[in-house]
Each structure stands twice: as structure tokens, then as C-alpha cells.
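Remarks on the structure that follows.
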Amino acid sequence: MEKQANLKEKFSIFGSRTAGRPIRCVSGDDGARCGLSKAEFMEKVQQSNEACQRGDFQAAVHLYTNTLEADPQNCILYSNRSAARLKLGQNQAALEDAEKACELNPKWPKGL
């Protein structure tokens with residue numbers, strides 16, 4: 001049971017390399033975008049997942065992109081966005097996201 005808890009922590013929605021770190025500010029075209037609060041971040045992730053579940057993959061890609069601006073080291077978000085892009089037929093972009101997920105965490109099984 002303890003091993004399972006460790007795996008959940010290691011592969012949390014915040015990614016294995018973001019554990020214990022705040023979601024940081026990222027600069028974009030419109031200047032600095034301060035990171036989302038943890039609650040805002042989780043809400044965006046939930047909205048992204050719900051968009052996928054209802055088959056709105058375009059919205060899911062947009063929402064995953066927004067959350068990646070707050071946490072660009074998150075392999076899970078890249079993996080999820082890859083799946084949504086694949087459903088849209090955006091094969092090259094899906095492959096790039098899958099490769100990025102594997103680069104960030106080579107042990108992440110869904111990146112393959």
C-alpha cells in the first residue's frame with residue numbers, strides 16, 4: 001500500500017519534477033503571466049479532462065496548453081495533450097508532445 005502511495009506522489013498531476021515547487025510565472029506574448037494558484041491549476045486540469053471525456057478535443061488542447069504555461073515541466077499534461085491532438089488528427093503535434101513527455105520523464109508509460 002505504501003509503494004502505491006509513493007507512485008501516486010511521484011506521478012501526480014503536477015508531474016514528478018514539480019513536487020514541492022510552486023507553480024511559477026511564465027512570460028508569454030502578453031508579458032509575464034503569473035502562475036495559477038494550485039486551486040486554479042487543478043480547475044484547469046479538471047476542465048481539460050472533462051473536455052476530453054465529452055469529445056471536445058479542441059477545447060482540451062487549448063486548456064492543456066494554458067496549464068502547460070503554468071507548469072511547463074509536467075509530463076502528464078504533455079501526454080494528455082498528445083492524446084487530444086491525436087484524436088484531432090494532429091499527428092505531428094501529438095508526436096512532439098509525446099516525445100516531450102518522455103523527455104521530461106522517461107519512465108512515464110503513457111508517453112510511449
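Each chain in the C-alpha cells gets a letter, A, B, ..., in the order shown, and its residues are numbered from 1; ligands are numbered from 1 in order too.
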When you look at stretch 53-68 of chain A with a cut-off of 8 Å (counting only C-alpha atoms), what residues show up, excluding the ones that are within fewer than 2 positions of it in the same chain? I need them as a list in words.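 Near neighbours after the sequence-gap exclusion: Phe41, Lys44, Val45, Gln47, Ser48, Asn49, Glu50, Ala51, Ala70, Asp71, Pro72, Gln73, Asn74, Leu77, Tyr78, Asn80, Arg81, Ala84, Arg85, Lys87 and Leu88 of chain A.
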By how many Å are atom CA of A:Ala83 and atom CA of A:Asp97 apart?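 Straight-line distance from atom CA of A:Ala83 to atom CA of A:Asp97 works out to 8.8 Å.
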